[in-house]
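Undergrad: Submitted below is the structure of interest, expressed as C-alpha cells.
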Amino acid sequence: MKRVQLGATGIGIFPLIYGTLPLGPLQAGVTPRDGGRLIRHALEQGVTMLDTAALYGTYPHVREGLDGWRGEVTIATKTHAADAATARAHVEQALRELGRERLDIVHIHGARVADPFTERAQVLEELLAMKQEGKIAHVGFSSHYIAAFRRAASHPEIEVVHPLINKNGMGILDGTAAEMAEAIAACARSGQGVYAMKALAGGNLISEARQSMAFVAGLEGVHGIAVGMLSEQEIDANVAFFEHGAMDEAVWRGLESRRRRLLIMEQFCKGCGKCLEICGSKALSLVGGKAVVDEAACVLCGYCGSGCPEFFIRVV
C-alpha cells in the first residue's frame, strides 16, 4: 500500500485517514460495535491512521475496532480544553478509554482559535509537559483559521497540523482556499505533518467528491486527508481512490448522489442560543425564538449539537 511520511514525525501513513466524527453522537450515532466493525474493515484494507477527539464521543468505537488488531495504527485525538487541568483530564480520558499507554498525536482542538500560542498557551504547555512524561508522542493543532497555521509554521513544538481546506474554501474563517493552501505549504516546509479536514466541506461537496479530494490531495504539503466514512462501500471506494486513483464509476455515482443536512428539531428548540455560540461558520441564527441553519454556510461538523442541552441537533 502507498505510504507517505507525516512531516518530520517519523510516522508513515496511508494518505486516507479515517475520520471518526460521523460515527459518534454528534452525527450518525452509530453504535460502538458497528462503528468498530467499520474501523476494523478500514484497517484491514490498508488505512493506518484514525482521527478522533474528546468531543466526538468515539473512543468506544475506536477501541472496539482495535480490539485484537496487531497491525500498525496511528491515533490522533484532540482536546478542546481552554485550561491546563481540563487538557490533562482529556488526555487521561483518551488513554484510559482507548486502552493506550501513549497517544500518538494530541491536537489543541481550536476550530475557532486563531492564535493557539496566546489563546491556548496553558493547554500547549500542559500537552508539552505530558509529552515529556511519555503520554503523548507528538503535539498538534487543528483549526479553521489561516492565521493559526501561519503562526504554527514558526513553532517547531507543533509537529502536526490539521487544517480545514476544500476547493471552495467553505468553512475557512479568515480568508480563501488559496490563502489556506499557502499556510499549509509553509507548515509542511517547516517539517510539520499535515493532514487535512473538510475536503468535502462536511458533505456539501459530496456531488463532486472525487474532484474535491483530488484538489486537496494535490496541494503542496498535504500528506493525508481525514474522511468520515459510514459504510464498507465508502471505505473500499476511498481506499482504491487514494491507493491508485481507481474508480468504479457506478459506485462513485451512487456515493456522490447522497445528501446530508443539519437537522434541528424545531418543535422542541427552546431558543437558548448555545448552539450559535459554538458554530464557527456562523451558519446558525435565531428566528422567531428557534434555531435555524443557513445550509449554504454550514459545514456539517455537528459541533453545535454538543452545545444543545436537549440534544435536539444532529447531522443526518
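Chain lettering (A, B, ...) mirrors the order of the C-alpha cells, residue numbering begins at 1 for each chain separately, and ligand numbering begins at 1 in order of display.
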Got a sec to tell me which of region 24-221 of chain A DSSP assigns to helix (DSSP H, G or I), as a ChimeraX atom specification?
TA: /A:32-45,59-66,84-98,116-119,121-132,146-152,177-189,201-203,206-217
Undergrad: What does the distance from CA of Gly203 (chain A) to CA of Gly307 (chain A) come to in Å, to one decimal?
TA: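 Straight-line distance from CA of Gly203 (chain A) to CA of Gly307 (chain A) works out to 21.2 Å.
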Undergrad: Between CA of Ser257 (chain A) and CA of Glu234 (chain A), what is the distance in Å, rounded to a tenth?
TA: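 That distance, rounded to one decimal, is 12.6 Å.
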Undergrad: Measuring between only C-alpha atoms, which one of A:Pro15, A:Pro309, A:Gly65, A:Pro163 shows the shortest distance to Glu44 (chain A)?
TA: A:Gly65
Undergrad: Check region 36-268 of chain A with DSSP on the backbone and list each residue it calls strand (DSSP E or B), as a PyMOL selection string.
TA: chain A and resi 49-51+74-79+103-110+136-143+160-164+193-197+224-228+262-264
Undergrad: Restricted to C-alpha atoms, what would the selected residues look like written as a PDB file, in the first residue's frame?
TA:
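The result, written out as part-v4.pdb:
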ATOM      1  CA  MET A  49      -4.404   6.324  10.864  1.00  0.00           C
ATOM      2  CA  LEU A  50      -7.543   7.201  12.837  1.00  0.00           C
ATOM      3  CA  ASP A  51      -8.668  10.701  13.782  1.00  0.00           C
ATOM      4  CA  THR A  74      -1.619   5.793  14.415  1.00  0.00           C
ATOM      5  CA  ILE A  75      -4.238   7.513  16.571  1.00  0.00           C
ATOM      6  CA  ALA A  76      -4.699  11.262  16.593  1.00  0.00           C
ATOM      7  CA  THR A  77      -7.027  12.817  19.136  1.00  0.00           C
ATOM      8  CA  LYS A  78      -7.821  16.352  20.273  1.00  0.00           C
ATOM      9  CA  THR A  79      -8.594  18.346  23.380  1.00  0.00           C
ATOM     10  CA  LEU A 103      -1.179   8.739  22.390  1.00  0.00           C
ATOM     11  CA  ASP A 104       0.465   9.198  19.004  1.00  0.00           C
ATOM     12  CA  ILE A 105      -0.840  12.723  18.344  1.00  0.00           C
ATOM     13  CA  VAL A 106      -2.816  15.110  20.535  1.00  0.00           C
ATOM     14  CA  HIS A 107      -4.072  18.307  18.937  1.00  0.00           C
ATOM     15  CA  ILE A 108      -5.189  21.518  20.510  1.00  0.00           C
ATOM     16  CA  HIS A 109      -8.743  21.390  19.154  1.00  0.00           C
ATOM     17  CA  GLY A 110      -9.149  25.005  18.132  1.00  0.00           C
ATOM     18  CA  ILE A 136       1.976  11.925  24.143  1.00  0.00           C
ATOM     19  CA  ALA A 137       4.312  11.297  21.218  1.00  0.00           C
ATOM     20  CA  HIS A 138       3.523  14.392  19.130  1.00  0.00           C
ATOM     21  CA  VAL A 139       1.652  17.638  19.801  1.00  0.00           C
ATOM     22  CA  GLY A 140      -0.503  19.168  17.094  1.00  0.00           C
ATOM     23  CA  PHE A 141      -3.078  21.808  16.347  1.00  0.00           C
ATOM     24  CA  SER A 142      -6.352  21.826  14.410  1.00  0.00           C
ATOM     25  CA  SER A 143      -8.203  24.964  13.327  1.00  0.00           C
ATOM     26  CA  VAL A 160       1.401  18.044  13.194  1.00  0.00           C
ATOM     27  CA  VAL A 161      -1.319  20.361  11.894  1.00  0.00           C
ATOM     28  CA  HIS A 162      -4.882  19.552  10.884  1.00  0.00           C
ATOM     29  CA  PRO A 163      -6.249  22.378   8.719  1.00  0.00           C
ATOM     30  CA  LEU A 164      -9.657  22.871   7.133  1.00  0.00           C
ATOM     31  CA  GLY A 193       2.979  16.800   9.299  1.00  0.00           C
ATOM     32  CA  VAL A 194      -0.179  17.979   7.546  1.00  0.00           C
ATOM     33  CA  TYR A 195      -3.421  16.088   7.219  1.00  0.00           C
ATOM     34  CA  ALA A 196      -6.457  17.966   6.000  1.00  0.00           C
ATOM     35  CA  MET A 197     -10.064  18.033   7.130  1.00  0.00           C
ATOM     36  CA  GLY A 224      -3.128  12.914   4.107  1.00  0.00           C
ATOM     37  CA  ILE A 225      -6.844  13.647   4.266  1.00  0.00           C
ATOM     38  CA  ALA A 226      -9.254  12.675   7.049  1.00  0.00           C
ATOM     39  CA  VAL A 227     -12.535  11.429   5.599  1.00  0.00           C
ATOM     40  CA  GLY A 228     -15.607  10.331   7.539  1.00  0.00           C
ATOM     41  CA  LEU A 262     -28.129  19.533   9.768  1.00  0.00           C
ATOM     42  CA  LEU A 263     -31.377  18.565  11.479  1.00  0.00           C
ATOM     43  CA  ILE A 264     -32.727  20.891  14.165  1.00  0.00           C
TER      44      ILE A 264
END
Undergrad: Determine, counting only C-alpha atoms, which protein, DNA and RNA residues have an atom within 12 Å of an atom of Phe242 (chain A); residues of the same chain fewer than 6 positions away are not included. Present the result as a ChimeraX atom specification.
TA: /A:1-4,13-17,45-47,210,213-214,216-218,223-227,235-236
Undergrad: Using only C-alpha atoms, which of A:Arg40, A:His61, A:Arg88, A:Arg314 sits nearest Thr20 (chain A)?
TA: A:His61
Undergrad: Can you tell me, as a short mmCIF file (atom, residue, chain, number, x, y, z; two decimals) with all heavy atoms, in the first residue's frame, what residues are no more than 9 Å from Phe149 (chain A) when counting only C-alpha atoms, ignoring any on the same chain fewer than 2 positions away?
TA:
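Output saved as around34.cif:
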data_model
loop_
_atom_site.label_atom_id
_atom_site.label_comp_id
_atom_site.auth_asym_id
_atom_site.auth_seq_id
_atom_site.Cartn_x
_atom_site.Cartn_y
_atom_site.Cartn_z
N ALA A 114 -7.64 31.41 16.56
CA ALA A 114 -6.77 31.97 15.53
C ALA A 114 -5.31 32.01 15.97
O ALA A 114 -4.41 31.98 15.13
CB ALA A 114 -7.23 33.38 15.16
N ASP A 115 -5.06 32.05 17.28
CA ASP A 115 -3.70 32.11 17.79
C ASP A 115 -3.56 31.19 19.01
O ASP A 115 -3.76 31.62 20.14
CB ASP A 115 -3.32 33.54 18.17
CG ASP A 115 -1.86 33.64 18.61
OD1 ASP A 115 -1.16 32.61 18.62
OD2 ASP A 115 -1.43 34.76 18.96
N PHE A 141 -2.08 20.74 16.26
CA PHE A 141 -3.08 21.81 16.35
C PHE A 141 -4.04 21.69 15.18
O PHE A 141 -3.64 21.47 14.04
CB PHE A 141 -2.39 23.18 16.31
CG PHE A 141 -3.35 24.34 16.34
CD1 PHE A 141 -4.12 24.59 17.45
CD2 PHE A 141 -3.50 25.16 15.23
CE1 PHE A 141 -5.02 25.64 17.48
CE2 PHE A 141 -4.39 26.22 15.24
CZ PHE A 141 -5.15 26.46 16.37
N SER A 142 -5.34 21.83 15.47
CA SER A 142 -6.35 21.83 14.41
C SER A 142 -7.15 23.12 14.50
O SER A 142 -7.43 23.62 15.59
CB SER A 142 -7.29 20.62 14.54
OG SER A 142 -8.12 20.74 15.68
N SER A 143 -7.50 23.68 13.34
CA SER A 143 -8.20 24.96 13.33
C SER A 143 -8.87 25.18 11.97
O SER A 143 -8.57 24.50 10.99
CB SER A 143 -7.23 26.11 13.62
OG SER A 143 -7.90 27.36 13.61
N TYR A 145 -8.78 28.45 11.02
CA TYR A 145 -8.19 29.76 10.77
C TYR A 145 -6.86 29.67 10.02
O TYR A 145 -5.95 28.95 10.45
CB TYR A 145 -7.93 30.50 12.09
CG TYR A 145 -9.10 31.28 12.63
CD1 TYR A 145 -9.91 30.75 13.61
CD2 TYR A 145 -9.38 32.56 12.16
CE1 TYR A 145 -10.98 31.47 14.13
CE2 TYR A 145 -10.46 33.29 12.66
CZ TYR A 145 -11.25 32.74 13.64
OH TYR A 145 -12.31 33.45 14.14
N ILE A 146 -6.73 30.41 8.96
CA ILE A 146 -5.46 30.53 8.24
C ILE A 146 -4.39 31.10 9.16
O ILE A 146 -3.24 30.63 9.18
CB ILE A 146 -5.63 31.43 7.00
CG1 ILE A 146 -6.64 30.82 6.03
CG2 ILE A 146 -4.30 31.67 6.31
CD1 ILE A 146 -7.18 31.79 4.99
N ALA A 147 -4.75 32.12 9.91
CA ALA A 147 -3.79 32.79 10.79
C ALA A 147 -3.13 31.82 11.75
O ALA A 147 -1.94 31.96 12.07
CB ALA A 147 -4.48 33.91 11.57
N ARG A 151 1.03 31.10 11.99
CA ARG A 151 1.81 31.20 13.23
C ARG A 151 2.49 29.86 13.54
O ARG A 151 3.64 29.81 13.97
CB ARG A 151 0.91 31.63 14.39
CG ARG A 151 0.39 33.06 14.26
CD ARG A 151 -0.44 33.45 15.48
NE ARG A 151 -0.84 34.85 15.39
CZ ARG A 151 -2.00 35.26 14.89
NH1 ARG A 151 -2.87 34.40 14.42
NH2 ARG A 151 -2.29 36.56 14.84
N ALA A 152 1.74 28.77 13.33
CA ALA A 152 2.26 27.45 13.69
C ALA A 152 3.52 27.08 12.90
O ALA A 152 4.38 26.36 13.41
CB ALA A 152 1.18 26.39 13.46
N ALA A 153 3.64 27.59 11.69
CA ALA A 153 4.78 27.24 10.84
C ALA A 153 6.12 27.61 11.47
O ALA A 153 7.15 27.00 11.17
CB ALA A 153 4.64 27.92 9.48
N VAL A 161 -0.20 19.42 11.99
CA VAL A 161 -1.32 20.36 11.89
C VAL A 161 -2.45 19.72 11.11
O VAL A 161 -2.24 18.87 10.23
CB VAL A 161 -0.91 21.70 11.24
CG1 VAL A 161 0.09 22.44 12.11
CG2 VAL A 161 -0.36 21.50 9.83
N PRO A 163 -5.52 21.21 9.20
CA PRO A 163 -6.25 22.38 8.72
C PRO A 163 -7.52 22.04 7.94
O PRO A 163 -7.62 20.98 7.30
CB PRO A 163 -5.22 23.03 7.78
CG PRO A 163 -4.48 21.85 7.22
CD PRO A 163 -4.40 20.83 8.33
N MET A 180 -5.26 29.57 2.54
CA MET A 180 -5.05 28.44 3.43
C MET A 180 -4.02 27.49 2.83
O MET A 180 -3.15 26.97 3.55
CB MET A 180 -6.36 27.69 3.68
CG MET A 180 -6.22 26.50 4.63
SD MET A 180 -5.78 26.96 6.34
CE MET A 180 -7.42 27.21 7.05
N ALA A 183 -0.59 28.72 3.62
CA ALA A 183 -0.23 28.48 5.02
C ALA A 183 0.11 27.01 5.25
O ALA A 183 1.05 26.67 5.99
CB ALA A 183 -1.38 28.91 5.93
N ILE A 184 -0.64 26.11 4.62
CA ILE A 184 -0.37 24.67 4.72
C ILE A 184 1.02 24.35 4.17
O ILE A 184 1.80 23.61 4.79
CB ILE A 184 -1.46 23.88 3.96
CG1 ILE A 184 -2.77 23.90 4.74
CG2 ILE A 184 -1.01 22.44 3.70
CD1 ILE A 184 -3.95 23.35 3.96
N ALA A 186 3.57 26.28 3.97
CA ALA A 186 4.59 26.80 4.88
C ALA A 186 4.80 25.86 6.06
O ALA A 186 5.94 25.63 6.49
CB ALA A 186 4.18 28.19 5.37
N CYS A 187 3.72 25.29 6.58
CA CYS A 187 3.84 24.33 7.68
C CYS A 187 4.63 23.10 7.24
O CYS A 187 5.52 22.63 7.96
CB CYS A 187 2.46 23.93 8.18
SG CYS A 187 1.56 25.21 9.11
#
Undergrad: Excluding same-chain residues fewer than 5 positions from Arg96 (chain A), what lies within 12 Å of it counting only C-alpha atoms, as a compact mmCIF listing (two decimals) with N, CA, C and O atoms, in the first residue's frame?
TA:
# COMPACT_ATOMS: atom_id res chain seq x y z
N ALA A 54 -11.81 14.24 21.96
CA ALA A 54 -12.60 14.15 23.19
C ALA A 54 -14.05 14.53 22.93
O ALA A 54 -14.97 13.95 23.50
N TYR A 59 -14.39 7.29 21.23
CA TYR A 59 -13.35 6.41 21.78
C TYR A 59 -13.83 4.96 21.88
O TYR A 59 -13.05 4.03 21.59
N PRO A 60 -15.09 4.70 22.29
CA PRO A 60 -15.54 3.30 22.33
C PRO A 60 -15.52 2.64 20.95
O PRO A 60 -15.22 1.45 20.83
N ARG A 63 -11.80 1.87 20.17
CA ARG A 63 -11.30 0.74 20.96
C ARG A 63 -11.88 -0.58 20.45
O ARG A 63 -11.17 -1.59 20.37
N ALA A 89 -7.00 16.26 31.83
CA ALA A 89 -8.11 15.31 32.03
C ALA A 89 -8.53 14.67 30.71
O ALA A 89 -8.83 13.47 30.67
N HIS A 90 -8.54 15.46 29.64
CA HIS A 90 -8.91 14.91 28.33
C HIS A 90 -7.90 13.87 27.86
O HIS A 90 -8.27 12.84 27.30
N VAL A 91 -6.62 14.14 28.07
CA VAL A 91 -5.59 13.19 27.66
C VAL A 91 -5.70 11.91 28.48
O VAL A 91 -5.63 10.79 27.95
N GLU A 101 -1.07 3.30 26.35
CA GLU A 101 -0.11 3.86 27.30
C GLU A 101 0.41 5.21 26.82
O GLU A 101 0.87 6.03 27.61
N ARG A 102 0.32 5.42 25.51
CA ARG A 102 0.77 6.69 24.93
C ARG A 102 -0.10 7.00 23.72
O ARG A 102 -0.49 6.11 22.97
N LEU A 103 -0.41 8.29 23.53
CA LEU A 103 -1.18 8.74 22.39
C LEU A 103 -0.22 9.23 21.31
O LEU A 103 0.73 9.96 21.61
N LYS A 135 3.35 10.43 27.75
CA LYS A 135 1.95 10.12 27.50
C LYS A 135 1.50 10.56 26.10
O LYS A 135 0.45 10.12 25.62
Undergrad: So how many Å separate CA of Asn166 (chain A) and CA of Ala199 (chain A), to one decimal?
TA: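 Calculated distance between CA of Asn166 (chain A) and CA of Ala199 (chain A) is 4.5 Å.
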Undergrad: Can you tell me, as an mmCIF file with all heavy atoms, in the first residue's frame, what residues are no more than 12 Å from Val316 (chain A) when counting only C-alpha atoms, ignoring any on the same chain fewer than 2 positions away?
TA:
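Result saved to result-v4.cif:
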data_model
loop_
_atom_site.group_PDB
_atom_site.id
_atom_site.type_symbol
_atom_site.label_atom_id
_atom_site.label_comp_id
_atom_site.auth_asym_id
_atom_site.auth_seq_id
_atom_site.Cartn_x
_atom_site.Cartn_y
_atom_site.Cartn_z
ATOM 1 N N PRO A 22 -18.205 11.305 12.184
ATOM 2 C CA PRO A 22 -19.562 10.924 11.781
ATOM 3 C C PRO A 22 -20.119 9.699 12.499
ATOM 4 O O PRO A 22 -21.343 9.502 12.520
ATOM 5 C CB PRO A 22 -19.424 10.649 10.277
ATOM 6 C CG PRO A 22 -18.249 11.460 9.863
ATOM 7 C CD PRO A 22 -17.303 11.371 11.023
ATOM 8 N N LEU A 23 -19.252 8.875 13.082
ATOM 9 C CA LEU A 23 -19.728 7.679 13.769
ATOM 10 C C LEU A 23 -20.422 8.000 15.085
ATOM 11 O O LEU A 23 -21.272 7.239 15.539
ATOM 12 C CB LEU A 23 -18.557 6.733 14.055
ATOM 13 C CG LEU A 23 -17.793 6.163 12.865
ATOM 14 C CD1 LEU A 23 -16.588 5.368 13.361
ATOM 15 C CD2 LEU A 23 -18.686 5.299 11.992
ATOM 16 N N GLY A 24 -20.056 9.118 15.702
ATOM 17 C CA GLY A 24 -20.469 9.399 17.068
ATOM 18 C C GLY A 24 -21.809 10.093 17.210
ATOM 19 O O GLY A 24 -22.543 10.329 16.243
ATOM 20 N N PRO A 25 -22.134 10.473 18.456
ATOM 21 C CA PRO A 25 -23.447 11.046 18.763
ATOM 22 C C PRO A 25 -23.691 12.420 18.149
ATOM 23 O O PRO A 25 -24.855 12.840 18.060
ATOM 24 C CB PRO A 25 -23.445 11.118 20.292
ATOM 25 C CG PRO A 25 -21.996 11.119 20.689
ATOM 26 C CD PRO A 25 -21.315 10.278 19.670
ATOM 27 N N LEU A 26 -22.648 13.129 17.721
ATOM 28 C CA LEU A 26 -22.867 14.430 17.091
ATOM 29 C C LEU A 26 -23.396 14.285 15.669
ATOM 30 O O LEU A 26 -23.916 15.258 15.104
ATOM 31 C CB LEU A 26 -21.567 15.238 17.067
ATOM 32 C CG LEU A 26 -20.970 15.614 18.420
ATOM 33 C CD1 LEU A 26 -19.696 16.408 18.227
ATOM 34 C CD2 LEU A 26 -21.964 16.394 19.257
ATOM 35 N N GLN A 27 -23.229 13.074 15.106
ATOM 36 C CA GLN A 27 -23.686 12.874 13.737
ATOM 37 C C GLN A 27 -24.539 11.614 13.634
ATOM 38 O O GLN A 27 -25.677 11.613 14.082
ATOM 39 C CB GLN A 27 -22.492 12.883 12.778
ATOM 40 C CG GLN A 27 -21.791 14.241 12.739
ATOM 41 C CD GLN A 27 -21.042 14.498 11.443
ATOM 42 O OE1 GLN A 27 -21.140 13.778 10.478
ATOM 43 N NE2 GLN A 27 -20.276 15.577 11.423
ATOM 44 N N ALA A 28 -24.022 10.543 13.057
ATOM 45 C CA ALA A 28 -24.879 9.393 12.749
ATOM 46 C C ALA A 28 -25.288 8.574 13.973
ATOM 47 O O ALA A 28 -26.266 7.838 13.912
ATOM 48 C CB ALA A 28 -24.183 8.486 11.737
ATOM 49 N N GLY A 29 -24.539 8.674 15.067
ATOM 50 C CA GLY A 29 -24.896 7.918 16.264
ATOM 51 C C GLY A 29 -24.792 6.410 16.076
ATOM 52 O O GLY A 29 -25.602 5.649 16.603
ATOM 53 N N VAL A 30 -23.761 5.969 15.337
ATOM 54 C CA VAL A 30 -23.531 4.543 15.129
ATOM 55 C C VAL A 30 -23.103 3.910 16.456
ATOM 56 O O VAL A 30 -22.386 4.527 17.250
ATOM 57 C CB VAL A 30 -22.430 4.348 14.059
ATOM 58 C CG1 VAL A 30 -22.080 2.875 13.877
ATOM 59 C CG2 VAL A 30 -22.871 4.963 12.737
ATOM 60 N N GLY A 202 -17.722 18.972 4.781
ATOM 61 C CA GLY A 202 -18.710 18.363 5.654
ATOM 62 C C GLY A 202 -19.828 17.654 4.925
ATOM 63 O O GLY A 202 -20.858 17.348 5.510
ATOM 64 N N GLY A 203 -19.650 17.380 3.642
ATOM 65 C CA GLY A 203 -20.683 16.715 2.859
ATOM 66 C C GLY A 203 -21.292 17.613 1.807
ATOM 67 O O GLY A 203 -21.986 17.139 0.902
ATOM 68 N N LEU A 230 -19.099 5.914 6.543
ATOM 69 C CA LEU A 230 -20.174 5.261 7.277
ATOM 70 C C LEU A 230 -20.599 3.923 6.678
ATOM 71 O O LEU A 230 -21.619 3.371 7.091
ATOM 72 C CB LEU A 230 -21.394 6.198 7.355
ATOM 73 C CG LEU A 230 -21.213 7.440 8.243
ATOM 74 C CD1 LEU A 230 -22.374 8.403 8.060
ATOM 75 C CD2 LEU A 230 -21.095 7.031 9.712
ATOM 76 N N ARG A 258 -25.509 11.112 -2.675
ATOM 77 C CA ARG A 258 -26.032 11.245 -1.313
ATOM 78 C C ARG A 258 -26.117 12.712 -0.891
ATOM 79 O O ARG A 258 -25.382 13.557 -1.389
ATOM 80 C CB ARG A 258 -25.134 10.508 -0.310
ATOM 81 C CG ARG A 258 -25.047 9.015 -0.520
ATOM 82 C CD ARG A 258 -23.936 8.454 0.339
ATOM 83 N NE ARG A 258 -22.671 9.118 0.056
ATOM 84 C CZ ARG A 258 -21.681 9.258 0.926
ATOM 85 N NH1 ARG A 258 -21.802 8.801 2.146
ATOM 86 N NH2 ARG A 258 -20.570 9.872 0.583
ATOM 87 N N ARG A 259 -26.993 12.978 0.053
ATOM 88 C CA ARG A 259 -27.114 14.324 0.602
ATOM 89 C C ARG A 259 -27.187 14.243 2.128
ATOM 90 O O ARG A 259 -27.842 13.355 2.674
ATOM 91 C CB ARG A 259 -28.368 15.032 0.081
ATOM 92 C CG ARG A 259 -28.324 15.340 -1.404
ATOM 93 C CD ARG A 259 -27.271 16.408 -1.703
ATOM 94 N NE ARG A 259 -27.216 16.714 -3.127
ATOM 95 C CZ ARG A 259 -26.430 16.077 -3.994
ATOM 96 N NH1 ARG A 259 -25.648 15.094 -3.579
ATOM 97 N NH2 ARG A 259 -26.426 16.409 -5.269
ATOM 98 N N ARG A 260 -26.511 15.168 2.791
ATOM 99 C CA ARG A 260 -26.584 15.233 4.246
ATOM 100 C C ARG A 260 -27.015 16.634 4.640
ATOM 101 O O ARG A 260 -26.842 17.585 3.891
ATOM 102 C CB ARG A 260 -25.216 14.901 4.870
ATOM 103 C CG ARG A 260 -24.671 13.560 4.437
ATOM 104 C CD ARG A 260 -23.340 13.265 5.097
ATOM 105 N NE ARG A 260 -23.531 12.911 6.482
ATOM 106 C CZ ARG A 260 -22.613 13.113 7.442
ATOM 107 N NH1 ARG A 260 -21.485 13.722 7.151
ATOM 108 N NH2 ARG A 260 -22.849 12.757 8.674
ATOM 109 N N ARG A 261 -27.570 16.744 5.843
ATOM 110 C CA ARG A 261 -28.027 18.059 6.298
ATOM 111 C C ARG A 261 -28.007 18.113 7.818
ATOM 112 O O ARG A 261 -27.953 17.076 8.503
ATOM 113 C CB ARG A 261 -29.429 18.350 5.783
ATOM 114 C CG ARG A 261 -30.507 17.419 6.319
ATOM 115 C CD ARG A 261 -31.831 17.637 5.616
ATOM 116 N NE ARG A 261 -32.867 16.772 6.137
ATOM 117 C CZ ARG A 261 -33.697 17.099 7.129
ATOM 118 N NH1 ARG A 261 -33.604 18.300 7.702
ATOM 119 N NH2 ARG A 261 -34.615 16.256 7.545
ATOM 120 N N LEU A 262 -28.036 19.317 8.325
ATOM 121 C CA LEU A 262 -28.129 19.533 9.768
ATOM 122 C C LEU A 262 -29.603 19.552 10.148
ATOM 123 O O LEU A 262 -30.377 20.364 9.621
ATOM 124 C CB LEU A 262 -27.471 20.854 10.164
ATOM 125 C CG LEU A 262 -27.363 21.089 11.682
ATOM 126 C CD1 LEU A 262 -26.267 20.205 12.274
ATOM 127 C CD2 LEU A 262 -27.058 22.550 11.981
ATOM 128 N N LEU A 263 -29.990 18.652 11.026
ATOM 129 C CA LEU A 263 -31.377 18.565 11.479
ATOM 130 C C LEU A 263 -31.525 19.234 12.836
ATOM 131 O O LEU A 263 -30.864 18.858 13.796
ATOM 132 C CB LEU A 263 -31.817 17.102 11.576
ATOM 133 C CG LEU A 263 -33.220 16.867 12.158
ATOM 134 C CD1 LEU A 263 -34.285 17.455 11.235
ATOM 135 C CD2 LEU A 263 -33.459 15.381 12.390
ATOM 136 N N ILE A 264 -32.369 20.244 12.897
ATOM 137 C CA ILE A 264 -32.727 20.891 14.165
ATOM 138 C C ILE A 264 -34.198 20.579 14.425
ATOM 139 O O ILE A 264 -35.063 20.908 13.608
ATOM 140 C CB ILE A 264 -32.524 22.415 14.097
ATOM 141 C CG1 ILE A 264 -31.066 22.748 13.784
ATOM 142 C CG2 ILE A 264 -32.946 23.069 15.414
ATOM 143 C CD1 ILE A 264 -30.814 24.230 13.562
ATOM 144 N N MET A 265 -34.465 19.911 15.532
ATOM 145 C CA MET A 265 -35.853 19.571 15.862
ATOM 146 C C MET A 265 -36.547 20.821 16.406
ATOM 147 O O MET A 265 -36.587 21.071 17.617
ATOM 148 C CB MET A 265 -35.874 18.416 16.860
ATOM 149 C CG MET A 265 -35.431 17.095 16.240
ATOM 150 S SD MET A 265 -35.382 15.733 17.418
ATOM 151 C CE MET A 265 -33.619 15.651 17.744
ATOM 152 N N LEU A 300 -21.467 21.156 8.298
ATOM 153 C CA LEU A 300 -21.961 19.876 8.794
ATOM 154 C C LEU A 300 -20.995 19.187 9.747
ATOM 155 O O LEU A 300 -20.872 17.968 9.740
ATOM 156 C CB LEU A 300 -22.292 18.950 7.616
ATOM 157 C CG LEU A 300 -23.404 19.448 6.678
ATOM 158 C CD1 LEU A 300 -23.525 18.535 5.458
ATOM 159 C CD2 LEU A 300 -24.724 19.538 7.397
ATOM 160 N N CYS A 301 -20.307 19.961 10.576
ATOM 161 C CA CYS A 301 -19.401 19.350 11.551
ATOM 162 C C CYS A 301 -20.170 18.727 12.715
ATOM 163 O O CYS A 301 -19.698 17.777 13.340
ATOM 164 C CB CYS A 301 -18.406 20.380 12.073
ATOM 165 S SG CYS A 301 -19.141 21.745 12.994
ATOM 166 N N GLY A 302 -21.333 19.280 13.029
ATOM 167 C CA GLY A 302 -22.130 18.750 14.122
ATOM 168 C C GLY A 302 -21.727 19.249 15.494
ATOM 169 O O GLY A 302 -22.330 18.865 16.500
ATOM 170 N N GLY A 305 -24.274 20.548 17.996
ATOM 171 C CA GLY A 305 -25.075 19.605 18.751
ATOM 172 C C GLY A 305 -24.553 19.368 20.152
ATOM 173 O O GLY A 305 -25.324 19.050 21.066
ATOM 174 N N ILE A 313 -30.111 18.572 18.040
ATOM 175 C CA ILE A 313 -29.413 18.868 16.803
ATOM 176 C C ILE A 313 -28.497 17.714 16.431
ATOM 177 O O ILE A 313 -27.764 17.201 17.278
ATOM 178 C CB ILE A 313 -28.554 20.158 16.928
ATOM 179 C CG1 ILE A 313 -29.404 21.342 17.384
ATOM 180 C CG2 ILE A 313 -27.859 20.481 15.606
ATOM 181 C CD1 ILE A 313 -28.590 22.601 17.641
ATOM 182 N N ARG A 314 -28.529 17.334 15.162
ATOM 183 C CA ARG A 314 -27.583 16.328 14.698
ATOM 184 C C ARG A 314 -27.486 16.378 13.179
ATOM 185 O O ARG A 314 -28.370 16.914 12.504
ATOM 186 C CB ARG A 314 -27.936 14.936 15.169
ATOM 187 C CG ARG A 314 -29.152 14.328 14.541
ATOM 188 C CD ARG A 314 -29.516 13.022 15.213
ATOM 189 N NE ARG A 314 -28.363 12.139 15.385
ATOM 190 C CZ ARG A 314 -28.386 11.048 16.168
ATOM 191 N NH1 ARG A 314 -29.459 10.764 16.865
ATOM 192 N NH2 ARG A 314 -27.327 10.291 16.243
#
Undergrad: Under the rule that only C-alpha atoms are counted, which of A:Leu173, A:Leu124, A:Ala111, A:Ala181 is the nearest residue to Ile278 (chain A)?
TA: A:Ala111
